[in-house]
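J.: This is the content of input-v1.cif (mmCIF, C-alpha atoms):
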data_start
#
loop_
_atom_site.label_atom_id
_atom_site.label_comp_id
_atom_site.auth_asym_id
_atom_site.auth_seq_id
_atom_site.Cartn_x
_atom_site.Cartn_y
_atom_site.Cartn_z
CA MET A 118 0.00 0.00 0.00
CA MET A 119 2.74 2.46 0.96
CA HIS A 120 4.65 2.24 -2.32
CA LEU A 121 1.50 3.15 -4.21
CA SER A 122 0.82 6.14 -2.11
CA PHE A 123 2.62 8.89 -4.00
CA ALA A 124 0.76 8.21 -7.24
CA LEU A 125 -2.48 7.91 -5.29
CA GLN A 126 -1.91 11.19 -3.42
CA LYS A 127 -1.16 12.89 -6.72
CA ASP A 128 -4.45 11.59 -8.19
CA ILE A 129 -6.38 12.72 -5.12
CA PHE A 130 -4.83 16.16 -5.40
CA ILE A 131 -5.47 16.45 -9.14
CA GLY A 132 -9.07 15.22 -8.86
CA PHE A 133 -10.06 17.73 -6.20
CA PHE A 134 -7.98 20.51 -7.74
CA ARG A 135 -9.84 20.08 -11.04
CA ALA A 136 -13.25 19.98 -9.35
CA SER A 137 -12.51 23.06 -7.25
CA MET A 138 -10.97 25.15 -10.04
CA LEU A 139 -13.89 24.40 -12.39
CA GLY A 140 -16.61 24.88 -9.80
CA TYR A 141 -18.47 28.19 -10.03
CA GLY A 142 -21.19 29.13 -7.56
CA GLY A 143 -19.64 27.80 -4.34
CA GLY A 144 -19.23 24.30 -2.90
CA PRO A 145 -22.72 22.87 -3.56
CA ALA A 146 -22.40 23.77 -7.26
CA THR A 147 -19.14 21.81 -7.34
CA ILE A 148 -20.74 18.50 -6.28
CA PRO A 149 -21.33 17.20 -9.86
CA LEU A 150 -17.66 17.84 -10.62
CA VAL A 151 -16.56 15.98 -7.50
CA HIS A 152 -18.88 13.14 -8.58
CA LYS A 153 -17.28 13.14 -12.03
CA GLU A 154 -13.78 12.82 -10.54
CA VAL A 155 -14.32 10.31 -7.73
CA VAL A 156 -16.95 8.08 -9.39
CA GLU A 157 -16.26 8.35 -13.13
CA THR A 158 -12.62 9.36 -13.61
CA TYR A 159 -10.96 7.51 -10.73
CA GLY A 160 -13.64 5.02 -9.64
CA TRP A 161 -12.87 5.38 -5.94
CA LEU A 162 -16.55 5.25 -5.04
CA ASP A 163 -19.73 3.98 -6.68
CA ASP A 164 -22.93 6.03 -7.02
CA GLU A 165 -24.47 4.51 -3.88
CA GLU A 166 -21.47 5.41 -1.72
CA PHE A 167 -21.29 8.89 -3.22
CA SER A 168 -24.94 9.67 -2.54
CA ASP A 169 -24.66 8.29 1.03
CA ILE A 170 -21.68 10.56 1.69
CA LEU A 171 -23.54 13.51 0.18
CA ALA A 172 -26.60 12.74 2.33
CA ILE A 173 -24.61 12.49 5.55
CA GLY A 174 -22.78 15.67 4.58
CA ASN A 175 -26.13 17.43 4.25
CA THR A 176 -27.23 16.40 7.74
CA LEU A 177 -24.13 18.05 9.22
CA PRO A 178 -23.41 21.79 9.38
CA GLY A 179 -20.53 23.53 7.65
CA PRO A 180 -19.28 23.82 4.07
CA ILE A 181 -20.14 20.77 1.93
CA MET A 182 -17.20 20.72 -0.50
CA THR A 183 -14.55 20.48 2.23
CA LYS A 184 -16.54 17.83 4.10
CA MET A 185 -16.79 15.72 0.93
CA ALA A 186 -13.13 16.31 -0.03
CA GLY A 187 -11.79 15.62 3.46
CA TYR A 188 -13.82 12.46 3.93
CA ILE A 189 -13.27 11.02 0.45
CA GLY A 190 -9.55 11.85 0.64
CA TYR A 191 -9.38 10.13 4.02
CA ARG A 192 -11.26 7.08 2.82
CA VAL A 193 -9.16 6.67 -0.32
CA GLY A 194 -5.73 7.65 1.02
CA GLY A 195 -5.80 7.90 4.83
CA TYR A 196 -4.70 11.09 6.61
CA ALA A 197 -2.33 11.96 3.78
CA GLY A 198 -5.26 11.66 1.37
CA LEU A 199 -7.37 13.88 3.59
CA THR A 200 -4.62 16.50 3.52
CA SER A 201 -4.14 16.25 -0.26
CA ALA A 202 -7.85 16.55 -0.98
CA LEU A 203 -8.36 19.49 1.39
CA ALA A 204 -5.27 21.32 0.18
CA ALA A 205 -6.36 20.89 -3.44
CA SER A 206 -9.91 22.08 -2.72
CA VAL A 207 -9.04 25.09 -0.60
CA LEU A 208 -5.55 26.47 -1.18
CA PRO A 209 -5.49 27.34 -4.90
CA THR A 210 -8.73 29.33 -4.79
CA VAL A 211 -7.76 31.11 -1.54
CA LEU A 212 -4.36 32.05 -2.99
CA ILE A 213 -6.00 33.36 -6.17
CA MET A 214 -8.44 35.36 -4.08
CA ILE A 215 -5.71 36.96 -1.92
CA ALA A 216 -3.41 37.60 -4.88
CA LEU A 217 -5.98 38.96 -7.32
CA ILE A 218 -8.38 40.91 -5.16
CA SER A 219 -6.74 44.29 -5.77
CA VAL A 220 -6.73 43.66 -9.52
CA LEU A 221 -10.27 42.29 -9.56
CA ILE A 222 -11.75 45.25 -7.68
CA ASN A 223 -11.18 47.34 -10.81
CA TYR A 224 -13.02 44.83 -12.99
CA ARG A 225 -15.87 44.14 -10.62
CA ASP A 226 -18.50 45.89 -12.69
CA SER A 227 -16.96 45.03 -16.05
CA PRO A 228 -19.46 43.59 -18.54
CA VAL A 229 -17.02 40.79 -19.41
CA VAL A 230 -17.09 39.47 -15.84
CA GLN A 231 -20.89 39.84 -15.74
CA GLY A 232 -21.20 37.97 -19.04
CA MET A 233 -19.00 35.12 -17.82
CA THR A 234 -21.02 34.85 -14.60
CA ASN A 235 -24.29 34.74 -16.53
CA ALA A 236 -23.05 32.17 -19.04
CA ILE A 237 -21.70 29.74 -16.45
CA ALA A 238 -24.93 29.56 -14.40
CA PRO A 239 -26.96 27.45 -16.89
CA VAL A 240 -24.04 25.02 -17.31
CA VAL A 241 -23.84 24.52 -13.55
CA GLY A 242 -27.63 24.05 -13.56
CA VAL A 243 -27.39 21.33 -16.22
CA MET A 244 -24.67 19.46 -14.31
CA LEU A 245 -26.68 19.57 -11.07
CA PHE A 246 -29.82 18.50 -12.89
CA MET A 247 -28.09 15.53 -14.54
CA LEU A 248 -26.73 14.33 -11.20
CA ALA A 249 -30.21 14.68 -9.67
CA PHE A 250 -31.73 12.70 -12.55
CA ASN A 251 -29.04 10.05 -12.27
CA PHE A 252 -29.85 9.59 -8.56
CA LEU A 253 -33.59 9.36 -9.27
CA ARG A 254 -33.09 6.75 -11.98
CA ARG A 255 -30.94 4.64 -9.70
CA SER A 256 -33.34 4.73 -6.80
CA GLN A 257 -36.13 3.84 -9.21
CA ARG A 258 -34.35 0.53 -9.85
CA ALA A 259 -34.42 -0.25 -6.13
CA LEU A 260 -37.78 1.21 -5.15
CA GLY A 261 -39.86 1.48 -8.34
CA TRP A 262 -41.32 4.69 -9.77
CA PRO A 263 -44.35 5.08 -7.45
CA VAL A 264 -42.20 5.17 -4.28
CA VAL A 265 -39.53 7.37 -5.89
CA VAL A 266 -42.07 9.87 -7.18
CA GLY A 267 -43.86 9.81 -3.81
CA LEU A 268 -40.68 10.44 -1.84
CA SER A 269 -39.58 13.15 -4.29
CA VAL A 270 -42.90 14.99 -4.10
CA VAL A 271 -42.91 14.78 -0.29
CA SER A 272 -39.31 16.11 -0.21
CA LEU A 273 -40.12 18.91 -2.63
CA ILE A 274 -43.17 19.99 -0.63
CA ALA A 275 -41.21 19.80 2.62
CA PHE A 276 -38.27 21.87 1.29
CA GLU A 277 -40.07 24.41 -0.87
CA LEU A 278 -43.62 24.84 0.43
CA ILE A 279 -43.28 24.12 4.14
CA GLY A 280 -39.71 25.44 4.26
CA LEU A 281 -38.50 22.48 6.31
CA HIS A 282 -34.75 22.44 6.54
CA PRO A 283 -33.27 19.69 4.29
CA ALA A 284 -31.02 18.48 7.12
CA ILE A 285 -34.11 17.71 9.23
CA LEU A 286 -35.86 15.70 6.51
CA ILE A 287 -32.73 13.73 5.62
CA ALA A 288 -31.99 13.02 9.29
CA ALA A 289 -35.61 11.88 9.76
CA LEU A 290 -35.36 9.52 6.76
CA ILE A 291 -32.07 8.10 8.06
CA ILE A 292 -33.50 7.51 11.53
CA TYR A 293 -36.67 5.95 10.09
CA ALA A 294 -34.65 3.57 7.89
CA LEU A 295 -32.34 2.55 10.72
CA VAL A 296 -34.94 2.18 13.47
CA ARG A 297 -37.93 0.61 11.73
CA ARG A 298 -37.94 -3.17 11.75
CA SER A 299 -38.46 -4.88 8.47
CA PRO A 300 -40.59 -8.06 8.63
CA LYS A 301 -38.09 -10.37 6.95
CA GLU A 302 -35.13 -9.10 8.91
CA GLY A 303 -33.65 -11.91 10.96
CA GLU A 304 -30.52 -10.37 12.38
CA ALA A 305 -30.40 -8.09 15.39
CA SER A 306 -28.19 -5.10 14.65
CA MET B 162 -2.83 36.59 20.08
CA ILE B 163 -6.38 37.61 20.94
CA GLU B 164 -6.90 38.43 17.25
CA TYR B 165 -6.24 34.81 16.28
CA TRP B 166 -8.64 33.58 18.93
CA HIS B 167 -11.30 35.94 17.58
CA LEU B 168 -10.64 34.73 14.03
CA PHE B 169 -11.00 31.17 15.22
CA LEU B 170 -14.34 31.89 16.91
CA ALA B 171 -15.65 34.06 14.06
CA PHE B 172 -15.27 31.22 11.57
CA LEU B 173 -15.95 28.33 13.95
CA ILE B 174 -19.49 29.47 14.80
CA PRO B 175 -20.81 29.80 11.19
CA GLY B 176 -19.21 26.42 10.39
CA VAL B 177 -20.96 24.73 13.33
CA VAL B 178 -24.43 26.30 13.13
CA GLY B 179 -24.68 26.86 9.36
CA TYR B 180 -26.56 24.13 7.50
CA GLY B 181 -26.74 23.88 3.72
CA GLY B 182 -23.10 24.26 2.72
CA GLY B 183 -20.81 27.26 2.46
CA PRO B 184 -23.11 29.70 0.60
CA ALA B 185 -25.76 29.23 3.33
CA SER B 186 -23.27 30.20 6.04
CA ILE B 187 -22.27 33.52 4.39
CA PRO B 188 -24.80 35.65 6.34
CA LEU B 189 -23.50 34.10 9.58
CA ILE B 190 -19.92 34.92 8.57
CA GLU B 191 -20.99 38.47 7.76
CA TYR B 192 -22.54 38.83 11.20
CA GLU B 193 -19.30 37.79 12.91
CA VAL B 194 -16.97 39.77 10.65
CA VAL B 195 -19.00 42.99 10.36
CA GLN B 196 -21.23 43.18 13.44
CA ARG B 197 -19.30 41.40 16.14
CA TYR B 198 -15.65 42.06 15.36
CA GLY B 199 -15.86 45.05 13.03
CA TRP B 200 -13.08 43.89 10.71
CA MET B 201 -15.01 45.16 7.69
CA THR B 202 -18.00 47.33 6.86
CA THR B 203 -21.06 45.82 5.17
CA PRO B 204 -20.21 47.32 1.72
CA GLU B 205 -16.62 46.02 1.99
CA PHE B 206 -17.90 42.57 2.88
CA GLY B 207 -20.32 42.71 -0.06
CA GLU B 208 -17.51 43.66 -2.41
CA VAL B 209 -15.25 40.82 -1.22
CA LEU B 210 -18.18 38.39 -1.49
CA ALA B 211 -18.97 39.49 -5.06
CA LEU B 212 -15.34 39.00 -6.07
CA GLY B 213 -15.19 35.65 -4.32
CA ASN B 214 -18.26 34.55 -6.26
CA ALA B 215 -16.60 35.50 -9.54
CA LEU B 216 -13.76 33.07 -8.78
CA PRO B 217 -14.02 29.26 -8.80
CA GLY B 218 -14.04 26.99 -5.76
CA PRO B 219 -15.90 26.79 -2.46
CA ILE B 220 -16.93 30.21 -1.13
CA ALA B 221 -16.73 29.75 2.67
CA THR B 222 -13.03 28.90 2.61
CA LYS B 223 -12.25 31.69 0.14
CA MET B 224 -13.89 34.21 2.49
CA ALA B 225 -12.16 32.66 5.54
CA GLY B 226 -8.77 32.66 3.82
CA TYR B 227 -9.04 36.22 2.58
CA ILE B 228 -10.48 37.75 5.77
CA GLY B 229 -8.09 35.74 7.95
CA TYR B 230 -5.17 36.99 5.87
CA GLU B 231 -6.32 40.61 6.07
CA VAL B 232 -6.77 40.43 9.84
CA GLY B 233 -3.82 38.27 10.87
CA GLY B 234 -1.52 37.52 7.91
CA VAL B 235 -0.71 34.01 6.77
CA PHE B 236 -1.27 32.50 10.21
CA GLY B 237 -4.60 34.33 10.42
CA ALA B 238 -5.65 32.72 7.13
CA VAL B 239 -4.64 29.28 8.40
CA VAL B 240 -6.61 29.77 11.65
CA ALA B 241 -9.76 30.98 9.85
CA ILE B 242 -9.69 28.16 7.28
CA ALA B 243 -9.05 25.52 9.95
CA ALA B 244 -11.99 26.82 12.02
CA THR B 245 -14.23 26.69 8.94
CA VAL B 246 -13.26 23.21 7.80
CA ILE B 247 -12.14 21.01 10.70
CA PRO B 248 -15.13 20.72 13.09
CA SER B 249 -17.66 19.60 10.46
CA LEU B 250 -15.10 17.35 8.77
CA VAL B 251 -14.33 15.55 12.04
CA ALA B 252 -18.06 15.02 12.64
CA MET B 253 -18.41 13.73 9.07
CA ILE B 254 -15.58 11.19 9.44
CA ILE B 255 -16.87 9.89 12.79
CA LEU B 256 -20.45 9.54 11.54
CA LEU B 257 -19.48 7.76 8.32
CA LYS B 258 -17.08 5.46 10.16
CA LEU B 259 -19.96 4.35 12.36
CA LEU B 260 -22.18 3.85 9.35
CA MET B 261 -19.53 1.89 7.42
CA ARG B 262 -19.31 -0.58 10.28
CA PHE B 263 -22.89 -1.60 9.47
CA LYS B 264 -22.47 -1.29 5.73
CA ASN B 265 -23.96 -4.69 4.98
CA SER B 266 -26.88 -4.44 7.36
CA PRO B 267 -30.22 -4.34 5.53
CA LYS B 268 -31.14 -1.24 7.52
CA VAL B 269 -28.21 0.74 6.16
CA LYS B 270 -29.01 -0.49 2.66
CA ARG B 271 -32.59 0.67 3.12
CA MET B 272 -31.33 4.04 4.33
CA THR B 273 -29.27 4.44 1.17
CA THR B 274 -32.25 3.85 -1.08
CA LEU B 275 -34.68 5.95 0.98
CA ILE B 276 -32.60 9.12 1.16
CA ARG B 277 -31.54 9.18 -2.47
CA PRO B 278 -34.75 10.79 -3.83
CA ALA B 279 -34.47 13.53 -1.18
CA ILE B 280 -30.87 14.21 -2.20
CA ALA B 281 -31.94 14.28 -5.86
CA VAL B 282 -34.64 16.84 -5.05
CA LEU B 283 -32.09 19.00 -3.22
CA LEU B 284 -29.79 18.94 -6.25
CA GLY B 285 -32.76 19.65 -8.52
CA VAL B 286 -33.76 22.70 -6.46
CA LEU B 287 -30.18 23.94 -6.62
CA ALA B 288 -30.19 23.40 -10.41
CA TYR B 289 -33.41 25.43 -10.66
CA GLN B 290 -31.80 28.31 -8.73
CA PHE B 291 -28.95 28.41 -11.23
CA PHE B 292 -31.39 28.42 -14.16
CA ALA B 293 -33.27 31.28 -12.47
CA THR B 294 -30.04 33.27 -11.97
CA SER B 295 -29.20 32.86 -15.63
CA TYR B 296 -32.73 33.79 -16.71
CA GLU B 297 -32.51 37.03 -14.73
CA GLY B 298 -29.00 37.84 -15.93
CA ALA B 299 -28.94 36.67 -19.54
CA GLY B 300 -32.62 36.32 -20.52
CA LEU B 301 -34.68 33.36 -21.67
CA VAL B 302 -33.20 32.80 -25.14
CA GLN B 303 -29.58 32.75 -23.99
CA THR B 304 -30.48 30.53 -21.04
CA ILE B 305 -32.24 27.95 -23.22
CA LEU B 306 -29.43 28.04 -25.76
CA LEU B 307 -26.77 27.49 -23.09
CA VAL B 308 -28.80 24.77 -21.35
CA VAL B 309 -29.36 22.83 -24.59
CA LEU B 310 -25.77 23.21 -25.79
CA SER B 311 -24.19 22.25 -22.47
CA PHE B 312 -26.58 19.30 -22.13
CA LEU B 313 -25.64 18.01 -25.59
CA ALA B 314 -21.93 18.62 -24.97
CA LEU B 315 -21.91 16.83 -21.60
CA GLU B 316 -24.37 14.00 -22.20
CA ARG B 317 -24.37 13.31 -25.94
CA TRP B 318 -20.92 14.28 -27.12
CA HIS B 319 -19.27 13.36 -23.80
CA ILE B 320 -17.06 16.40 -23.72
CA HIS B 321 -15.18 16.79 -20.43
CA PRO B 322 -16.83 19.40 -18.14
CA ALA B 323 -13.55 21.37 -18.13
CA PHE B 324 -13.97 22.24 -21.81
CA VAL B 325 -17.70 22.91 -21.48
CA ILE B 326 -17.05 25.31 -18.59
CA ILE B 327 -14.19 27.08 -20.38
CA GLY B 328 -16.37 27.28 -23.49
CA ALA B 329 -19.26 28.82 -21.55
CA LEU B 330 -16.97 31.35 -19.87
CA SER B 331 -15.54 32.38 -23.25
CA TYR B 332 -19.03 32.60 -24.76
CA GLY B 333 -20.15 34.80 -21.87
CA ALA B 334 -17.10 37.05 -22.14
CA ILE B 335 -17.63 37.58 -25.88
CA PHE B 336 -21.39 37.46 -26.48
CA LEU B 337 -23.00 38.37 -23.17
CA SER B 338 -20.83 41.37 -22.26
#
Starting from the coordinates I provided, produce the structure as C-alpha cells.
T.:
Amino acid sequence: MMHLSFALQKDIFIGFFRASMLGYGGGPATIPLVHKEVVETYGWLDDEEFSDILAIGNTLPGPIMTKMAGYIGYRVGGYAGLTSALAASVLPTVLIMIALISVLINYRDSPVVQGMTNAIAPVVGVMLFMLAFNFLRRSQRALGWPVVVGLSVVSLIAFELIGLHPAILIAALIIYALVRRSPKEGEAS
Amino acid sequence: MIEYWHLFLAFLIPGVVGYGGGPASIPLIEYEVVQRYGWMTTPEFGEVLALGNALPGPIATKMAGYIGYEVGGVFGAVVAIAATVIPSLVAMIILLKLLMRFKNSPKVKRMTTLIRPAIAVLLGVLAYQFFATSYEGAGLVQTILLVVLSFLALERWHIHPAFVIIGALSYGAIFLS
C-alpha cells in the first residue's frame, strides 16, 4: 500500500484541484464535478457510496465541498489523502483570491465578468440536474417509480412549500430507515 | 494573540451552526466579521463576497482565507480556514465510520435507497436556482441556448466538463458582455 501512495496522493490532489478550479457558484455547485472525478474518472466510489456521503454531509453543518473532499480523501488515502484533498480544494482558490483581489476590484463591474457569470450559471444548472436525474433513476431501480415519485414529491413539498430544513428531513429519513424493523429481517443489529 | 482567537471563533461558529453548505453560512460569517468584530463594513464585505463569487471553488473557505489573511496575515488565514473546515469534517468522518461498520446491514441499505430521492430533489432545487439566476442575468433565449448546448456537450458528445465550462466562460465574455 505504501509504495502506491505517492501516485495515489497525486491523483487525489489532481481530482479535487480540477473539481474546485472548475466549480463556479460555491461548494454545492461543485458537487457534480466531485462526482465526475471520484466516481467516473478515478472510480474510488460507486454512485451509492457517493450519494450516502452527500446525504450524511447534508445532515451536518458547515461547508459541503470540504466535508466531501476531506472524507473522500481520508477514505481513499488515509490522513495523507485527507490533507491532499483538502489542500487541493481550498488552497489554490484562496491564494488566487488573496493575490488577485486588488486587480479584480477594478473589474468588478466590467461587462465581461458579468457575461461570464451569466453564461456559467446554466451550465452549472445542467450538471446539477443531470446528477439529480441520475440519482432518481438509480433509486427507481431499487424502489420502483411510485415510491420514488412519492418520496420526491414529499421532499419537494417539505423543502419548498413548508420550508422544512433539508437536514431535518434527511436526518428523519435516516432515523426511520435505521430504526424501523423490516418483517423479513432476521438479524439483530 | 487575541486576534487569532477571535478569528477562530468568528469562523468556527458559522461552520458549526450553518446548514446547507458554504453559501448558506455567508450571512452568519458576515454577522461575525462585520457586526461582532468590526473587521469590515457591510459594503466592503459585499464587495469581497462578489469578487469571491466571480472566482471558482468553495466560497466559505475563500472568504475565511481572505479575511483571515487581512486580519492576521498568513497565520490568520490558516486559523480561519481551519476553524471553517475542521469541526464539520471531524463530525463527518466519525459519523461515516460508524455507518460503514454496518455497511452490509439491511437497515443501512434501506437508508441508502430511501434518502436518495431527497438528495436528488435538493440537487434539482439547486439546479433550478442556477437556471433562475441565468434567466434574470442573460434572458430566456440565452439561457435555453446554453442549457441545450451544455446538455448536448456533456451528455451526448461526452465532452469533459472542463472544456464545457471554459467554453461557456468564453461565450459569456464575448457574447454576453
J.: Run the PyMOL selection byres ((chain B and resi 190) around 9) on the file and write out the hits as a VMD selection string.
T.: chain B and resid 171 to 172 174 to 176 186 to 189 191 to 195 221 224 to 225
J.: Hey, which of B:Gly300, B:Gly229, B:Gly237, B:Gly218 ends up closest to chain A? Count only C-alpha atoms.
T.: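 The closest residue to chain A is B:Gly218.
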J.: For a quick check of understanding, using all atoms listed in the file, which of A:Leu171, A:Leu217, A:Met244, A:Ala284 has the smallest distance to B:Leu257?
T.: A:Leu171
J.: To one decimal place in Å, what is the distance between atom CA of A:Ile129 and atom CA of B:Pro217?
T.: 18.6 Å
J.: Counting all atoms listed in the file, figure out which residue out of A:Leu212, A:Ala146, A:Leu177, A:Ala294 gets nearest to A:His282.
T.: A:Leu177
J.: Could you list, as a VMD selection string, every residue within 8 Å of stretch 179-188 of chain A, counting all atoms listed in the file and ignoring same-chain residues fewer than 2 positions away?
T.: (chain A and resid 133 144 to 145 147 to 148 170 to 171 174 to 175 177 190 to 192 198 to 200 202 to 203 206 to 207) or (chain B and resid 175 to 184 186 219 221 245 to 246 249 to 250 253 to 254)
J.: With the PyMOL selection byres ((chain B and resi 266-273) around 8) as the selection, what would be picked from this file? Answer as an mmCIF file with C-alpha atoms, in the coordinates of the input, please.
T.:
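Printed below is expr_26.cif as written:
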data_model
loop_
_atom_site.group_PDB
_atom_site.id
_atom_site.type_symbol
_atom_site.label_atom_id
_atom_site.label_comp_id
_atom_site.auth_asym_id
_atom_site.auth_seq_id
_atom_site.Cartn_x
_atom_site.Cartn_y
_atom_site.Cartn_z
ATOM 1 C CA GLU A 165 -24.470 4.510 -3.880
ATOM 2 C CA SER A 168 -24.940 9.670 -2.540
ATOM 3 C CA ASP A 169 -24.660 8.290 1.030
ATOM 4 C CA LEU A 290 -35.360 9.520 6.760
ATOM 5 C CA ILE A 291 -32.070 8.100 8.060
ATOM 6 C CA ALA A 294 -34.650 3.570 7.890
ATOM 7 C CA LEU A 295 -32.340 2.550 10.720
ATOM 8 C CA VAL A 296 -34.940 2.180 13.470
ATOM 9 C CA GLU A 302 -35.130 -9.100 8.910
ATOM 10 C CA SER A 306 -28.190 -5.100 14.650
ATOM 11 C CA LEU B 260 -22.180 3.850 9.350
ATOM 12 C CA PHE B 263 -22.890 -1.600 9.470
ATOM 13 C CA LYS B 264 -22.470 -1.290 5.730
ATOM 14 C CA ASN B 265 -23.960 -4.690 4.980
ATOM 15 C CA THR B 274 -32.250 3.850 -1.080
ATOM 16 C CA LEU B 275 -34.680 5.950 0.980
ATOM 17 C CA ILE B 276 -32.600 9.120 1.160
ATOM 18 C CA ARG B 277 -31.540 9.180 -2.470
#
J.: Would you mind telling me which residue in A:Pro283, A:Pro228, A:Gly132, A:Pro209 lies nearest to chain B when using all atoms listed in the file?
T.: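 Closest residue, counting all atoms listed in the file: A:Pro228.
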J.: Using the chain letters and numbering of this document, enumerate as a list in words the residues selected by the PyMOL selection byres ((chain A and resi 245) around 10).
T.: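 What the PyMOL selection byres ((chain A and resi 245) around 10) grabs from the file is Pro145, Ala146, Thr147, Ile148, Pro149, Leu150, Pro239, Val240, Val241, Gly242, Val243, Met244, Phe246, Met247, Leu248, Ala249, Phe250 and Asn251 of chain A; Ala281, Leu283, Leu284, Gly285, Val286, Leu287, Ala288, Tyr289 and Phe291 of chain B.
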J.: So how far away is atom CA of A:Leu286 from atom CA of A:Val271, in Å?
T.: 9.8 Å
J.: Using all atoms of stretch 170-186 of chain B that appear in the file, construct an axis-aligned enclosing box with 3 Å of padding on every side and provide its centre coordinates and edge lengths in Å, rounded to one decimal, as JSON.
T.:
{"center_x": -20.5, "center_y": 29.0, "center_z": 8.8, "size_x": 18.4, "size_y": 16.2, "size_z": 22.3}
J.: Figure out the distance between atom CA of B:Leu210 and atom CA of B:Gly333, please, to one decimal in Å.
T.: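 Taking atom CA of B:Gly333 as the start and atom CA of B:Leu210 as the end point, the length is 20.8 Å.
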J.: Counting only C-alpha atoms, note down every residue that has an atom within 7 Å of the point (-7.7, 30.1, 13.2) (file coordinates), as a PDB file with C-alpha atoms, in the coordinates of the input.
T.:
ATOM      1  CA  TYR B 165      -6.240  34.810  16.280  1.00  0.00           C
ATOM      2  CA  TRP B 166      -8.640  33.580  18.930  1.00  0.00           C
ATOM      3  CA  LEU B 168     -10.640  34.730  14.030  1.00  0.00           C
ATOM      4  CA  PHE B 169     -11.000  31.170  15.220  1.00  0.00           C
ATOM      5  CA  GLY B 237      -4.600  34.330  10.420  1.00  0.00           C
ATOM      6  CA  ALA B 238      -5.650  32.720   7.130  1.00  0.00           C
ATOM      7  CA  VAL B 239      -4.640  29.280   8.400  1.00  0.00           C
ATOM      8  CA  VAL B 240      -6.610  29.770  11.650  1.00  0.00           C
ATOM      9  CA  ALA B 241      -9.760  30.980   9.850  1.00  0.00           C
ATOM     10  CA  ILE B 242      -9.690  28.160   7.280  1.00  0.00           C
ATOM     11  CA  ALA B 243      -9.050  25.520   9.950  1.00  0.00           C
ATOM     12  CA  ALA B 244     -11.990  26.820  12.020  1.00  0.00           C
TER      13      ALA B 244
END
J.: My list of candidates is A:Gly140, A:Gly194, A:Gly261, A:Gly267. Which is closest to A:Asp128 when distances are computed with only C-alpha atoms?
T.: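 Among A:Gly140, A:Gly194, A:Gly261, A:Gly267, it is A:Gly194 that comes nearest to A:Asp128.
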J.: Find the spatial neighbours of B:Leu307, counting all atoms listed in the file, within a cut-off of 10 Å - ignore same-chain residues fewer than 4 positions away - and output them as number ranges by chain.
T.: A: 236-240, 243; B: 295, 301-303, 311-313, 329, 332-333
J.: Kindly extract all protein, DNA and RNA residues lying within 12 Å of the coordinates (-18.9, 40.9, -1.6) given in the file, considering all atoms listed in the file, and supply them as a list of chain:residue names.
T.: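 Residues satisfying the cut-off, written out: A:Ile218, A:Leu221, A:Ile222, A:Arg225, B:Ile187, B:Pro188, B:Ile190, B:Glu191, B:Met201, B:Thr202, B:Thr203, B:Pro204, B:Glu205, B:Phe206, B:Gly207, B:Glu208, B:Val209, B:Leu210, B:Ala211, B:Leu212, B:Gly213, B:Asn214, B:Ala215, B:Leu216, B:Ile220, B:Lys223, B:Met224, B:Tyr227, B:Ile228.
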J.: Which residue gives the smallest distance to chain B among A:Ile292, A:Asp164, A:Pro178, A:Val193, with all atoms listed in the file counted?
T.: A:Pro178
J.: Write a file for stretch 187-211 of chain B of the given structure; include C-alpha atoms and format it as an mmCIF file, in the first residue's frame.
T.:
data_model
loop_
_atom_site.group_PDB
_atom_site.id
_atom_site.type_symbol
_atom_site.label_atom_id
_atom_site.label_comp_id
_atom_site.auth_asym_id
_atom_site.auth_seq_id
_atom_site.Cartn_x
_atom_site.Cartn_y
_atom_site.Cartn_z
ATOM 1 C CA ILE B 187 -22.267 33.518 4.395
ATOM 2 C CA PRO B 188 -24.803 35.646 6.340
ATOM 3 C CA LEU B 189 -23.502 34.098 9.581
ATOM 4 C CA ILE B 190 -19.919 34.923 8.573
ATOM 5 C CA GLU B 191 -20.989 38.466 7.755
ATOM 6 C CA TYR B 192 -22.543 38.831 11.200
ATOM 7 C CA GLU B 193 -19.303 37.791 12.912
ATOM 8 C CA VAL B 194 -16.971 39.767 10.645
ATOM 9 C CA VAL B 195 -18.996 42.989 10.364
ATOM 10 C CA GLN B 196 -21.231 43.178 13.441
ATOM 11 C CA ARG B 197 -19.300 41.398 16.139
ATOM 12 C CA TYR B 198 -15.647 42.056 15.364
ATOM 13 C CA GLY B 199 -15.862 45.051 13.026
ATOM 14 C CA TRP B 200 -13.077 43.885 10.711
ATOM 15 C CA MET B 201 -15.008 45.164 7.691
ATOM 16 C CA THR B 202 -18.001 47.335 6.856
ATOM 17 C CA THR B 203 -21.061 45.823 5.174
ATOM 18 C CA PRO B 204 -20.209 47.322 1.724
ATOM 19 C CA GLU B 205 -16.618 46.017 1.989
ATOM 20 C CA PHE B 206 -17.901 42.573 2.885
ATOM 21 C CA GLY B 207 -20.324 42.714 -0.060
ATOM 22 C CA GLU B 208 -17.507 43.661 -2.407
ATOM 23 C CA VAL B 209 -15.249 40.823 -1.223
ATOM 24 C CA LEU B 210 -18.177 38.386 -1.488
ATOM 25 C CA ALA B 211 -18.972 39.488 -5.056
#
